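The structure file start.pdb is reproduced below (PDB, C-alpha atoms).
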```pdb
ATOM      1  CA  MET A   1       2.423  -5.525 -14.626
ATOM      2  CA  LYS A   2       3.591  -4.843 -11.072
ATOM      3  CA  ILE A   3       1.552  -5.255  -7.913
ATOM      4  CA  ALA A   4       2.689  -3.790  -4.586
ATOM      5  CA  VAL A   5       1.726  -5.223  -1.207
ATOM      6  CA  ALA A   6       2.257  -3.278   2.016
ATOM      7  CA  SER A   7       4.254  -5.469   4.402
ATOM      8  CA  ASP A   8       6.042  -4.965   7.702
ATOM      9  CA  ASP A   9       7.667  -8.406   7.702
ATOM     10  CA  ARG A  10       8.146  -9.196   3.982
ATOM     11  CA  LYS A  11       5.534 -11.958   4.234
ATOM     12  CA  ASN A  12       2.181 -10.649   5.461
ATOM     13  CA  VAL A  13      -0.152  -7.876   4.318
ATOM     14  CA  SER A  14       0.053  -4.825   6.561
ATOM     15  CA  GLY A  15      -1.995  -1.707   6.974
ATOM     16  CA  HIS A  16      -1.586   1.978   7.731
ATOM     17  CA  ILE A  17       0.517   2.763   4.681
ATOM     18  CA  GLY A  18       2.244   5.730   6.303
ATOM     19  CA  ARG A  19       3.725   3.520   8.999
ATOM     20  CA  VAL A  20       4.453   0.354   7.010
ATOM     21  CA  ASN A  21       8.084  -0.828   6.882
ATOM     22  CA  GLY A  22       7.990  -1.448   3.146
ATOM     23  CA  PHE A  23       6.347  -2.959   0.098
ATOM     24  CA  LEU A  24       6.646  -6.314  -1.605
ATOM     25  CA  ILE A  25       6.730  -5.665  -5.344
ATOM     26  CA  TYR A  26       5.509  -8.542  -7.512
ATOM     27  CA  ASP A  27       6.318  -8.559 -11.221
ATOM     28  CA  VAL A  28       3.549 -10.388 -13.063
ATOM     29  CA  GLU A  29       3.589 -11.729 -16.619
ATOM     30  CA  ASP A  30       0.786 -13.724 -18.220
ATOM     31  CA  GLY A  31      -1.061 -13.854 -14.898
ATOM     32  CA  LYS A  32       1.875 -15.420 -12.995
ATOM     33  CA  ILE A  33       4.355 -14.004 -10.486
ATOM     34  CA  VAL A  34       7.795 -13.975 -12.129
ATOM     35  CA  GLU A  35       9.798 -11.872  -9.662
ATOM     36  CA  ARG A  36       9.563 -10.527  -6.102
ATOM     37  CA  ASN A  37      11.396  -7.550  -4.596
ATOM     38  CA  TYR A  38      11.114  -5.537  -1.404
ATOM     39  CA  LEU A  39      11.083  -1.737  -1.340
ATOM     40  CA  GLU A  40      11.762  -0.198   2.072
ATOM     41  CA  ASN A  41       9.517   2.672   3.092
ATOM     42  CA  THR A  42      11.781   5.704   3.009
ATOM     43  CA  PHE A  43       9.231   8.034   1.440
ATOM     44  CA  THR A  44       6.349   8.540   3.891
ATOM     45  CA  ASN A  45       6.791  10.874   6.843
ATOM     46  CA  HIS A  46       6.658   7.973   9.321
ATOM     47  CA  GLY A  47       8.945   5.868   7.148
ATOM     48  CA  ARG A  48      11.472   8.715   7.123
ATOM     49  CA  GLY A  49      11.373   8.946  10.933
ATOM     50  CA  HIS A  50       9.090  11.971  11.227
ATOM     51  CA  ASP A  51       6.401  10.673  13.556
ATOM     52  CA  HIS A  52       4.139  13.618  14.366
ATOM     53  CA  GLY A  53       1.731  11.685  16.534
ATOM     54  CA  HIS A  54      -1.973  11.430  15.998
ATOM     55  CA  GLY A  55      -3.295  13.899  18.489
ATOM     56  CA  GLY A  56      -5.701  16.674  17.589
ATOM     57  CA  GLY A  57      -4.435  17.170  14.048
ATOM     58  CA  HIS A  58      -2.653  14.797  11.751
ATOM     59  CA  GLY A  59       0.309  17.143  11.371
ATOM     60  CA  HIS A  60       1.399  15.946   7.927
ATOM     61  CA  ASN A  61       1.805  17.701   4.658
ATOM     62  CA  HIS A  62      -0.442  15.183   2.909
ATOM     63  CA  GLY A  63       0.357  16.302  -0.606
ATOM     64  CA  ASN A  64       4.124  15.925  -0.268
ATOM     65  CA  GLY A  65       4.044  12.675   1.731
ATOM     66  CA  HIS A  66       1.598  11.035  -0.645
ATOM     67  CA  SER A  67       3.449  12.351  -3.677
ATOM     68  CA  ARG A  68       6.670  10.624  -2.569
ATOM     69  CA  LEU A  69       4.819   7.362  -1.967
ATOM     70  CA  ILE A  70       2.915   7.535  -5.254
ATOM     71  CA  GLU A  71       6.116   8.309  -7.132
ATOM     72  CA  ALA A  72       7.881   5.331  -5.516
ATOM     73  CA  LEU A  73       5.013   3.019  -6.527
ATOM     74  CA  SER A  74       4.296   4.674  -9.890
ATOM     75  CA  ASP A  75       5.203   1.564 -11.900
ATOM     76  CA  CYS A  76       2.675  -0.514  -9.928
ATOM     77  CA  SER A  77      -0.895  -0.874 -11.138
ATOM     78  CA  THR A  78      -2.275  -1.941  -7.750
ATOM     79  CA  LEU A  79      -1.417  -1.592  -4.052
ATOM     80  CA  ILE A  80      -2.818  -4.277  -1.754
ATOM     81  CA  PHE A  81      -3.028  -3.421   1.959
ATOM     82  CA  SER A  82      -5.215  -4.007   5.000
ATOM     83  CA  SER A  83      -5.920  -0.425   6.116
ATOM     84  CA  GLY A  84      -5.207   3.144   5.097
ATOM     85  CA  GLY A  85      -6.438   6.691   5.215
ATOM     86  CA  TRP A  86      -9.057   7.911   2.767
ATOM     87  CA  ARG A  87      -6.865  10.802   1.574
ATOM     88  CA  LEU A  88      -4.146   8.386   0.481
ATOM     89  CA  ILE A  89      -6.720   6.128  -1.156
ATOM     90  CA  ASP A  90      -8.140   9.071  -3.133
ATOM     91  CA  ASP A  91      -4.648  10.274  -4.115
ATOM     92  CA  MET A  92      -3.687   6.789  -5.309
ATOM     93  CA  ARG A  93      -6.803   6.516  -7.443
ATOM     94  CA  ALA A  94      -6.093   9.939  -8.958
ATOM     95  CA  ALA A  95      -2.556   8.760  -9.836
ATOM     96  CA  GLY A  96      -3.843   5.611 -11.543
ATOM     97  CA  ILE A  97      -2.831   3.141  -8.812
ATOM     98  CA  LYS A  98      -5.700   0.891  -7.698
ATOM     99  CA  PRO A  99      -5.893   0.757  -3.878
ATOM    100  CA  PHE A 100      -7.116  -2.690  -2.860
ATOM    101  CA  LEU A 101      -7.960  -3.184   0.817
ATOM    102  CA  THR A 102      -8.259  -6.780   1.961
ATOM    103  CA  SER A 103      -8.353  -8.926   5.078
ATOM    104  CA  GLU A 104      -6.191 -11.598   3.409
ATOM    105  CA  SER A 105      -3.125 -11.920   5.636
ATOM    106  CA  VAL A 106      -0.459 -13.614   3.463
ATOM    107  CA  ALA A 107       0.972 -11.304   0.791
ATOM    108  CA  GLU A 108       1.684 -13.854  -1.920
ATOM    109  CA  THR A 109      -1.711 -15.503  -1.418
ATOM    110  CA  ALA A 110      -3.325 -12.064  -1.757
ATOM    111  CA  VAL A 111      -1.529 -11.450  -5.062
ATOM    112  CA  GLU A 112      -2.419 -14.916  -6.397
ATOM    113  CA  LYS A 113      -6.074 -14.420  -5.458
ATOM    114  CA  PHE A 114      -6.040 -10.913  -6.962
ATOM    115  CA  LEU A 115      -4.708 -12.310 -10.231
ATOM    116  CA  ALA A 116      -7.373 -15.039 -10.196
ATOM    117  CA  GLY A 117     -10.107 -12.486  -9.471
ATOM    118  CA  THR A 118     -10.975 -14.125  -6.138
ATOM    119  CA  LEU A 119      -9.400 -11.706  -3.639
ATOM    120  CA  GLU A 120     -12.136 -10.218  -1.488
ATOM    121  CA  GLU A 121     -12.041  -6.448  -1.226
ATOM    122  CA  SER A 122     -12.809  -4.900   2.148
ATOM    123  CA  GLU A 123     -13.871  -1.359   2.925
ATOM    124  CA  ASP A 124     -13.508  -1.940   6.668
ATOM    125  CA  GLY A 125      -9.843  -0.873   6.581
ATOM    126  CA  GLU A 126     -10.465   2.623   5.227
ATOM    127  CA  CYS A 127      -9.734   5.180   7.926
ATOM    128  CA  HIS A 128     -11.820   8.362   7.933
ATOM    129  CA  SER A 129     -10.514   9.886  11.184
ATOM    130  CA  HIS A 130      -7.706  12.037   9.742
TER     131      HIS A 130
END
```

In structure tokens, what does this structure look like?
Amino acid sequence: MKIAVASDDRKNVSGHIGRVNGFLIYDVEDGKIVERNYLENTFTNHGRGHDHGHGGGHGHNHGNGHSRLIEALSDCSTLIFSSGGWRLIDDMRAAGIKPFLTSESVAETAVEKFLAGTLEESEDGECHSH
């Protein structure tokens, strides 16, 4: 099983998936982390350098941007992050990737708690403004 964690600094859990620098990818076997990798965000519009601003409209082609992200994380069963838009969350669920929002700040601690069933899920980070 693979678990992805959104991270700007390769250590801490980050939010706003479209703007995150990348993802820590944890390979898990028998409930233990066996390998860690980092996947740079080159697939969201912001990650590819197309910042459209957040004025009156969002300005993104949500289907294409989310499709690239979902494809990049398709071998992950779960994505842990601190905040994200509801459209992305719905698209991830539809693709079979569990979106898990949390206030836990340290990525590896979040994964360990997730594996132990003790990571607290938060709905406070879900953005409904876009």

Task: Contacts of Arg68 (chain A) at 10 Å (all atoms listed in the file; same-chain gap of 6+ positions) as a ChimeraX atom specification - done: /A:42-45,74

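Between Ile3 (chain A) and the candidates A:Tyr38, A:Trp86, A:Tyr26, A:Phe81, the tightest atom-to-atom separation, counting only C-alpha atoms, involves A:Tyr26.
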
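Taking all atoms listed in the file into account, the protein, DNA and RNA residues within 12 Å of (-7.3, -11.5, 2.2) read Val5, Asn12, Val13, Ser14, Ile80, Phe81, Ser82, Ser83, Phe100, Leu101, Thr102, Ser103, Glu104, Ser105, Val106, Ala107, Glu108, Thr109, Ala110, Val111, Glu112, Lys113, Phe114, Thr118, Leu119, Glu120, Glu121, Ser122 and Gly125 of chain A.
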
Open item on the list: Using Å and a single decimal, report how far CA of Gly18 (chain A) sits from CA of Leu88 (chain A).
Closed with: 9.0 Å

TODO: On this file, the PyMOL selection byres ((chain A and resi 35) around 12) gives some set of residues; write that set as a ChimeraX atom specification.
DONE: /A:1-4,24-29,32-34,36-38,108

Open item on the list: For this structure, which residues satisfy the selection - the PyMOL selection byres ((chain A and resi 41) around 8) - when it is evaluated on the file as given? I want them as a ChimeraX atom specification.
Closed with: /A:20-23,39-40,42-44,47-48

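For the atom pair formed by CA of Ile70 (chain A) and CA of Met92 (chain A), the distance is 6.6 Å, given to one decimal.
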
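With all atoms listed in the file as the basis for measurement, A:Gly84 is the residue among A:Gly84, A:Gly31, A:Gly117, A:Pro99 that approaches Gly15 (chain A) most closely.
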